[in-house]
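The next block holds one structure in the form of structure tokens; read it before the comments.
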Amino acid sequence: MIASPIIIELLAQAGFEAVVLDMEHGPLSFDNLNTLIPAARASGIYPIVRVKTQDSALVSSALDVGAAGVLVPQIDSGAAAASVVRAARFAPLGRRGVNPYTRAAGYNARPEWYARANSEVAVLVMVEGSAGIAALPEIVATPGLDGVFIGPFDLSQALGVPGKVDHPAVLAGVESIVAATAKQNLATAVFAPTAILARRWLDRGVRMVALGYDTAMVLEAFRATRDSATLTRADED
């Protein structure tokens, strides 16, 4: 959520392999992406853009500016998933508009881009509610889709236990999605607010875990540092 390339560089130094740039819930704009995406690329980590809506223009614009993948929220049908794929893939797999002068194309300096573009980006859709779970078989059968990202907070709300991402019903719901996507040879991704939950999903075959938010991590580090200093002072007294 923090629109600073320094955060991206610090994540890379910490050993993370990718970063989700959250345009849905965060304050990020496409102007911010023009700074954050090159920072991620230069740091050797993959920039994945979570767009605000299923709008095809947002999907293609995120890819044109150089995203390694696009993450589209609130997908609740096979038709919606197919629409995302069409927006993200060039013909014959989709209808993404071609402009060779974008960052993704190397500003017309990558003649091989046309042949490789469809395979260079990841197309991920978010299944977050009861409708999405019900439509999961048709969603995961969508040609050209690379994976399903599970939003446990929205899922917890749909299952009647809002905010309880470690509730048995939520955990069971996530595991059912993981199993369904694996049968279609698709990747599964999930958000994990804690390292404990992250390890749980990695152990169960989840290919990508989005671990926490930069805002939460910075706040936690600030609090821990301050509390440590305060306790040290109290001990000295």
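Each chain in the structure tokens gets a letter, A, B, ..., in the order shown, and its residues are numbered from 1; ligands are numbered from 1 in order too.
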
Leaving out Ser83 in chain A and any residue of its chain fewer than 5 positions from it, which residues lie within 9 Å of it when counting only C-alpha atoms, given as a PDB file with C-alpha atoms, in the first residue's frame?
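Output (around-v8.pdb):
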ATOM      1  CA  GLN A  54     -12.861  -6.295 -13.563  1.00  0.00           C
ATOM      2  CA  SER A  56     -10.859  -4.639 -19.108  1.00  0.00           C
ATOM      3  CA  GLY A  78     -16.824 -18.513 -15.498  1.00  0.00           C
ATOM      4  CA  ALA A  88      -5.037  -9.845 -20.528  1.00  0.00           C
ATOM      5  CA  GLY A  94      -7.765 -12.751 -26.131  1.00  0.00           C
TER       6      GLY A  94
END

Go through range 32-77 of chain A residue by residue and, counting only C-alpha atoms, keep those with an atom at most 12 Å from range 141-164 of chain A; for each kept residue give the shortest atom pair and its distance in Å to one decimal, ordered by chain and increasing number, as a tab-separated table.
residue	atom	partner	partner_atom	distance
A:Ile48	CA	A:Phe149	CA	11.9
A:Arg50	CA	A:Phe149	CA	10.7
A:Gly69	CA	A:Asp146	CA	9.7
A:Val70	CA	A:Asp146	CA	10.3
A:Leu71	CA	A:Phe149	CA	7.8
A:Val72	CA	A:Phe149	CA	8.8
A:Pro73	CA	A:Gly151	CA	8.7
A:Gln74	CA	A:Gly151	CA	9.0
A:Ile75	CA	A:Val148	CA	9.6
A:Asp76	CA	A:Val148	CA	11.6
A:Ser77	CA	A:Thr142	CA	10.0

**OP:** Using DSSP on the backbone coordinates, identify the residues of range 18-178 of chain A assigned to strand (DSSP E); present them as a ChimeraX atom specification.
**Re:** /A:18-22,46-50,69-72,122-127,147-150

Do a neighbour search on range 2-17 of chain A at 12 Å with only C-alpha atoms, toss out local chain neighbours closer than 3 positions, and write the hits as a tab-separated table (two decimals) with C-alpha atoms, in the first residue's frame.
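Output contents, as saved in result.tsv:
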chain	number	residue	atom	x	y	z
A	20	VAL	CA	1.35	-7.28	-4.85
A	21	LEU	CA	0.70	-3.64	-5.67
A	22	ASP	CA	-2.80	-3.14	-4.27
A	23	MET	CA	-4.86	-0.68	-6.29
A	25	HIS	CA	-7.78	-1.24	-1.29
A	26	GLY	CA	-4.66	0.93	-1.34
A	27	PRO	CA	-4.12	4.52	-2.55
A	28	LEU	CA	-1.91	3.50	-5.48
A	29	SER	CA	-2.43	5.12	-8.87
A	30	PHE	CA	-1.01	4.35	-12.30
A	31	ASP	CA	1.46	7.19	-11.73
A	32	ASN	CA	2.70	5.24	-8.69
A	33	LEU	CA	3.00	2.08	-10.79
A	34	ASN	CA	5.35	3.95	-13.13
A	35	THR	CA	7.77	4.12	-10.18
A	36	LEU	CA	7.00	0.92	-8.28
A	37	ILE	CA	7.07	-1.53	-11.18
A	38	PRO	CA	10.55	-0.50	-12.43
A	39	ALA	CA	11.78	-0.64	-8.82
A	40	ALA	CA	10.50	-4.20	-8.53
A	41	ARG	CA	11.98	-5.24	-11.86
A	42	ALA	CA	15.33	-3.69	-11.01
A	43	SER	CA	15.30	-5.41	-7.61
A	44	GLY	CA	14.63	-8.82	-9.15
A	45	ILE	CA	11.12	-9.41	-7.78
A	46	TYR	CA	7.85	-9.80	-9.67
A	47	PRO	CA	5.35	-6.89	-9.55
A	48	ILE	CA	1.77	-8.16	-9.50
A	68	ALA	CA	4.43	-9.36	-14.29
A	207	ARG	CA	2.04	-21.92	-4.99
A	208	MET	CA	1.98	-18.30	-3.88
A	209	VAL	CA	1.32	-16.81	-0.45
A	210	ALA	CA	0.90	-13.07	-0.06
A	211	LEU	CA	2.27	-12.62	3.45
A	212	GLY	CA	0.90	-9.56	5.23
A	213	TYR	CA	0.82	-5.90	4.21
A	214	ASP	CA	3.68	-3.43	4.21
A	215	THR	CA	1.69	-1.07	6.43
A	216	ALA	CA	1.12	-3.80	9.03
A	217	MET	CA	4.76	-4.94	8.89
A	218	VAL	CA	6.10	-1.42	9.39

**OP:** Could you please write out, as a PyMOL selection string, every residue of chain A that DSSP assigns to alpha helix (DSSP H)?
**Re:** chain A and resi 5-13+30-43+56-64+78-88+113-120+130-134+136-140+152-158+168-183+195-203+214-236

Original post:
Expressed in Å to a single decimal, how great is the separation between CA of Val165 in chain A and CA of Val84 in chain A?
Top reply: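 It comes out at 26.7 Å.
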
Original post:
For the atom pair CA of Glu175 in chain A and CA of Met126 in chain A, what is the interatomic distance in Å to one decimal place?
Top reply: 14.8 Å

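Using only C-alpha atoms, the smallest distance between any of A:Ser176, A:Met1, A:Trp201, A:Val123 and Ala81 in chain A comes from A:Val123.
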
At a cut-off of 10 Å, can you tabulate as JSON lines every residue of range 117-205 of chain A near range 96-111 of chain A together with its closest atom pair and the distance in Å to one decimal, using only C-alpha atoms and ordering rows by chain then number?
{"residue": "A:Ala117", "atom": "CA", "partner": "A:Ala105", "partner_atom": "CA", "distance": 8.3}
{"residue": "A:Asn118", "atom": "CA", "partner": "A:Arg96", "partner_atom": "CA", "distance": 9.9}
{"residue": "A:Glu120", "atom": "CA", "partner": "A:Ala104", "partner_atom": "CA", "distance": 9.8}
{"residue": "A:Val121", "atom": "CA", "partner": "A:Ala104", "partner_atom": "CA", "distance": 9.9}

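Shortest atom-to-atom contact with Val51 in chain A among A:Val125, A:Ala229, A:Val85, A:Ala91: A:Val125, counting only C-alpha atoms.
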